[in-house]
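Q: Dumping the structure here so I can ask a few things about it.
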Amino acid sequence: MLVTLTRIVIEQDNTKYSARTKKFTFNFVNQLKIVSSWANLTDTAELVFPKNIYFVDEGGKKVNWQGQNTIGDTLNPLLLRGDKITISLGYIYTDKLDNQAVQMNEEFKGYITKVVNRIPIKITCEDNMYLLKQVLIPNKVFSSKTYTLQKMIAEMLELVPGKPFTNVSTTVTNNFQTNIGEFRTQGETIAKVLERLRKDYHVESYFRGNELRCSGFVYYPNDLRKHIFKFQENIITDNLEYRRKDDIRIGATVISINEEDQQQYNEYGYVTKKQKRLESFVGDRNGELIKTLHFLNVKTKAELERLGQEQLNRQYYEGFFGTFTTFGLPSVRHGDAAVFIDPLPPNEREGTYLIKQVEKSMNVNEGFKQTITIDIRLDQITEADRQLGL
């Protein structure tokens, strides 16, 4: 039998009120939802607490909402935008040796962004991206001769008060260096820059803990963990659709934004750049699914089509598309891989898929669940995977 465990720690921010130094621990929540995906820029959490809940402070003293300044501009409110929050979830269960086991994982760490002070009390939260939404960048031109994408973002992170992230060499992943040409900032926060990089250059950014990942890559092989999911066992429900290759017609518009030097200089003394768009099409023009694929500084149409076809082939597979729901363990992150095992022959549904998004939910009626969105199929499962799933 699985018994759900919850541990929510809120640490007061004393920037506005110096007396706000308390830390509260909650072991119950009415409802909770965490959404995490490389495609969202920001991981989010929503929590709903009952008004009559008791929780404990850092000294172990029981505290209740009643009679407290819950939120607002009153002196020393219990909860305030900017307070730190850590959410851990898990189970107490009986193992194969009839011993009681406890397993909990930290599922979210970030900051409170909004508190709705009504019954029940609702809190919304964001991960470290919240901090990057508060920091304005000075107007500057980042020269392509001096800055890679990673170096530019690393310099911006130095502006975050307290420098809460890991050191620059690991905060911005340097395994994959990306050049985007000359880049100008003007009246933007760091988060707005990341949004513009996504929109204009299709560079994805997300936090993994205190590490900001910002590149054309969204899946990191060294970070991948495999999780076994068996039909009729730990897959509770699914919206998975199995498609055969000959049933799928897919095409893509492929675009490269190239920069060319102009014979003039800007006010900062740098050679001005002009963006030139190179575009073509690969695959089936009449396909049921038409994608848009973006590249940087691809000089010829032939090379653009080759790169586009390679990327399209990785997304053109026979297998599952969609989502499925499982229990709270194993704890899954986007970037992991779901290994499907089907106990029933002919095992056609078996395969390994990268995970694009995970939505974790908990409520008093349904317990702890994860709804997982799969992305690209990697390959067929190995015998080692099968043995791990026994």
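Following the order of the structure tokens, chains are lettered A, B, ..., residues in each are numbered from 1, and ligands are numbered from 1.
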From a DSSP pass on the backbone, collect the residues of range 177-381 of chain A flagged as helix (DSSP H, G or I) and hand them back as a PyMOL selection string.
A: chain A and resi 190-201+221-223+245-247+301-314
Q: Print the selection's residues with N, CA and C atoms to a file, as a compact mmCIF listing (two decimals), in the first residue's frame.
A:
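So selection.txt came out as:
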```txt
# COMPACT_ATOMS: atom_id res chain seq x y z
N ILE A 190 16.62 39.80 -18.17
CA ILE A 190 17.32 38.62 -18.68
C ILE A 190 16.32 37.63 -19.26
N ALA A 191 15.18 37.45 -18.58
CA ALA A 191 14.17 36.51 -19.07
C ALA A 191 13.62 36.95 -20.43
N LYS A 192 13.45 38.26 -20.63
CA LYS A 192 12.97 38.75 -21.93
C LYS A 192 13.98 38.47 -23.03
N VAL A 193 15.27 38.56 -22.70
CA VAL A 193 16.30 38.21 -23.66
C VAL A 193 16.19 36.74 -24.04
N LEU A 194 15.97 35.88 -23.04
CA LEU A 194 15.84 34.45 -23.32
C LEU A 194 14.62 34.17 -24.19
N GLU A 195 13.53 34.91 -23.94
CA GLU A 195 12.34 34.76 -24.78
C GLU A 195 12.63 35.18 -26.22
N ARG A 196 13.38 36.27 -26.38
CA ARG A 196 13.72 36.74 -27.72
C ARG A 196 14.65 35.76 -28.43
N LEU A 197 15.57 35.18 -27.68
CA LEU A 197 16.46 34.17 -28.27
C LEU A 197 15.65 32.96 -28.76
N ARG A 198 14.62 32.62 -28.02
CA ARG A 198 13.76 31.51 -28.45
C ARG A 198 12.99 31.88 -29.71
N LYS A 199 12.41 33.06 -29.71
CA LYS A 199 11.56 33.47 -30.83
C LYS A 199 12.36 33.70 -32.10
N ASP A 200 13.48 34.42 -31.99
CA ASP A 200 14.23 34.84 -33.17
C ASP A 200 15.30 33.85 -33.61
N TYR A 201 15.87 33.12 -32.62
CA TYR A 201 16.99 32.23 -32.94
C TYR A 201 16.70 30.77 -32.60
N PRO A 221 22.54 14.15 -23.35
CA PRO A 221 22.73 12.70 -23.18
C PRO A 221 23.28 12.31 -21.81
N ASN A 222 24.19 13.08 -21.25
CA ASN A 222 24.78 12.74 -19.96
C ASN A 222 23.80 12.88 -18.80
N ASP A 223 22.67 13.54 -19.05
CA ASP A 223 21.68 13.80 -18.02
C ASP A 223 20.51 12.82 -18.09
N LYS A 245 4.88 4.32 -39.73
CA LYS A 245 5.58 5.27 -40.58
C LYS A 245 4.84 5.53 -41.89
N ASP A 246 4.27 4.46 -42.45
CA ASP A 246 3.60 4.64 -43.74
C ASP A 246 2.26 5.36 -43.60
N ASP A 247 1.83 5.59 -42.33
CA ASP A 247 0.59 6.34 -42.10
C ASP A 247 0.86 7.82 -41.86
N LYS A 301 21.47 26.58 -49.80
CA LYS A 301 20.17 25.93 -49.75
C LYS A 301 20.33 24.42 -49.61
N ALA A 302 21.34 23.85 -50.29
CA ALA A 302 21.56 22.40 -50.23
C ALA A 302 21.90 21.97 -48.81
N GLU A 303 22.76 22.73 -48.13
CA GLU A 303 23.14 22.40 -46.76
C GLU A 303 21.95 22.56 -45.82
N LEU A 304 21.14 23.59 -46.04
CA LEU A 304 19.95 23.81 -45.22
C LEU A 304 18.98 22.64 -45.37
N GLU A 305 18.78 22.16 -46.57
CA GLU A 305 17.87 21.05 -46.80
C GLU A 305 18.41 19.75 -46.19
N ARG A 306 19.73 19.57 -46.25
CA ARG A 306 20.33 18.38 -45.65
C ARG A 306 20.11 18.37 -44.13
N LEU A 307 20.38 19.52 -43.49
CA LEU A 307 20.20 19.60 -42.05
C LEU A 307 18.73 19.45 -41.67
N GLY A 308 17.85 20.06 -42.48
CA GLY A 308 16.43 19.95 -42.21
C GLY A 308 15.91 18.53 -42.31
N GLN A 309 16.38 17.80 -43.33
CA GLN A 309 15.95 16.42 -43.52
C GLN A 309 16.45 15.53 -42.39
N GLU A 310 17.67 15.78 -41.92
CA GLU A 310 18.21 15.01 -40.80
C GLU A 310 17.36 15.19 -39.55
N GLN A 311 17.00 16.46 -39.27
CA GLN A 311 16.19 16.72 -38.08
C GLN A 311 14.78 16.18 -38.25
N LEU A 312 14.24 16.27 -39.46
CA LEU A 312 12.90 15.75 -39.71
C LEU A 312 12.88 14.24 -39.53
N ASN A 313 13.93 13.56 -39.97
CA ASN A 313 13.99 12.09 -39.84
C ASN A 313 13.95 11.65 -38.39
N ARG A 314 14.54 12.45 -37.49
CA ARG A 314 14.53 12.09 -36.07
C ARG A 314 13.13 12.19 -35.49
```
Q: May I have the residues within 6 Å of Leu2 in chain A as a list in words, using only C-alpha atoms and disregarding those fewer than 2 positions away in the same chain?
A: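 These residues fall inside the cut-off: Tyr91, Ile92 and Tyr93 of chain A.
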Q: Only N, CA and C atoms, please: the residues just picked out, written as a short mmCIF file (atom, residue, chain, number, x, y, z; two decimals), in the first residue's frame.
A:
```
data_model
loop_
_atom_site.label_atom_id
_atom_site.label_comp_id
_atom_site.auth_asym_id
_atom_site.auth_seq_id
_atom_site.Cartn_x
_atom_site.Cartn_y
_atom_site.Cartn_z
N TYR A 91 6.36 8.70 -1.03
CA TYR A 91 5.47 7.68 -0.45
C TYR A 91 6.12 7.01 0.74
N ILE A 92 5.27 6.51 1.64
CA ILE A 92 5.64 5.43 2.56
C ILE A 92 5.04 4.16 1.97
N TYR A 93 5.83 3.09 1.88
CA TYR A 93 5.30 1.85 1.30
C TYR A 93 6.00 0.66 1.93
#
```
Q: Just want the 10 Å neighbourhood of Gln12 in chain A, counted on only C-alpha atoms, with same-chain residues fewer than 4 positions away dropped. Output as a ChimeraX atom specification.
A: /A:17-24,76-85,112
Q: Which residues come within 9 Å of Asp43 in chain A, counting only C-alpha atoms, excluding same-chain residues fewer than 3 positions away, as a list in words?
A: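 So, after excluding close chain neighbours, the residues are Ile34, Val35, Ser36, Ser37, Trp38, Asn40, Phe108, Gly110, Cys125, Glu126, Asp127, Asn128, Met129, Tyr206 and Phe207 of chain A.
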Q: Mind dumping the selected residues with N, CA, C and O atoms as a compact mmCIF listing (two decimals), in the first residue's frame?
A:
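Below is the file that was written, selection.txt:
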```
# COMPACT_ATOMS: atom_id res chain seq x y z
N ILE A 34 2.53 20.75 -10.49
CA ILE A 34 3.83 21.22 -10.95
C ILE A 34 3.95 20.91 -12.43
O ILE A 34 3.71 19.77 -12.84
N VAL A 35 4.30 21.89 -13.24
CA VAL A 35 4.48 21.68 -14.68
C VAL A 35 5.91 22.03 -15.04
O VAL A 35 6.38 23.13 -14.76
N SER A 36 6.61 21.06 -15.65
CA SER A 36 8.02 21.24 -15.99
C SER A 36 8.26 20.77 -17.41
O SER A 36 7.95 19.63 -17.75
N SER A 37 8.83 21.66 -18.25
CA SER A 37 9.11 21.32 -19.64
C SER A 37 10.19 22.25 -20.17
O SER A 37 10.23 23.44 -19.82
N TRP A 38 11.05 21.73 -21.03
CA TRP A 38 12.05 22.59 -21.67
C TRP A 38 11.39 23.59 -22.62
O TRP A 38 11.98 24.60 -22.98
N ASN A 40 8.78 25.49 -21.97
CA ASN A 40 8.02 26.53 -21.28
C ASN A 40 8.85 27.67 -20.73
O ASN A 40 8.29 28.61 -20.18
N PHE A 108 10.28 20.44 -6.79
CA PHE A 108 10.22 21.84 -7.23
C PHE A 108 10.96 22.71 -6.23
O PHE A 108 10.86 22.51 -5.02
N GLY A 110 11.76 27.03 -5.96
CA GLY A 110 11.62 28.31 -6.62
C GLY A 110 11.13 29.39 -5.67
O GLY A 110 11.54 29.43 -4.50
N CYS A 125 3.78 29.71 -8.03
CA CYS A 125 5.23 29.78 -7.87
C CYS A 125 5.92 29.59 -9.22
O CYS A 125 5.36 29.01 -10.15
N GLU A 126 7.17 30.06 -9.29
CA GLU A 126 8.02 29.87 -10.46
C GLU A 126 9.40 29.44 -10.00
O GLU A 126 9.82 29.74 -8.87
N ASP A 127 10.13 28.77 -10.88
CA ASP A 127 11.48 28.34 -10.56
C ASP A 127 12.45 29.51 -10.65
O ASP A 127 12.05 30.68 -10.63
N ASN A 128 13.75 29.25 -10.77
CA ASN A 128 14.75 30.31 -10.78
C ASN A 128 14.55 31.36 -11.88
O ASN A 128 15.11 32.46 -11.80
N MET A 129 13.75 31.03 -12.90
CA MET A 129 13.49 32.00 -13.95
C MET A 129 12.84 33.26 -13.38
O MET A 129 12.94 34.34 -13.97
N TYR A 206 16.22 26.75 -20.12
CA TYR A 206 15.49 26.26 -18.95
C TYR A 206 16.48 26.02 -17.81
O TYR A 206 17.68 25.89 -18.03
N PHE A 207 15.96 25.99 -16.60
CA PHE A 207 16.78 25.70 -15.44
C PHE A 207 16.69 24.22 -15.09
O PHE A 207 15.61 23.63 -15.11
```
Q: Which residues come within 7 Å of Gly251 in chain A, counting only C-alpha atoms, excluding same-chain residues fewer than 2 positions away, as a list of chain:residue names?
A: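 The contact residues come out as A:Val282, A:Gly283, A:Asp284, A:Arg285, A:Gly287, A:Leu289, A:Ile290, A:Lys291.
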Q: Counting only C-alpha atoms, which of A:Gly59, A:Gly181, A:Gly367, A:Pro138 gets nearest to Glu155 in chain A?
A: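 Nearest to Glu155 in chain A: A:Pro138.
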Q: Leaving out Asn239 in chain A and any residue of its chain fewer than 3 positions from it, which residues lie within 7 Å of it when counting only C-alpha atoms, given as a CSV table (one decimal) with C-alpha atoms, in the first residue's frame?
A:
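Dumped everything to part-v1.csv:
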```
chain,number,residue,atom,x,y,z
A,322,GLY,CA,0.9,11.7,-26.8
A,323,THR,CA,0.7,11.4,-23.0
A,324,PHE,CA,0.3,8.9,-20.3
```
Q: I need the residue nearest Met362 in chain A from this list: A:Asn117, A:Ser256, A:Thr6, A:Asn297. Use only C-alpha atoms for the distance.
A: A:Thr6
Q: Have a look at CA of Phe229 in chain A and CA of Ile372 in chain A and let me know their distance in Å, one decimal.
A: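 Pair CA of Phe229 in chain A / CA of Ile372 in chain A returns 11.2 Å.
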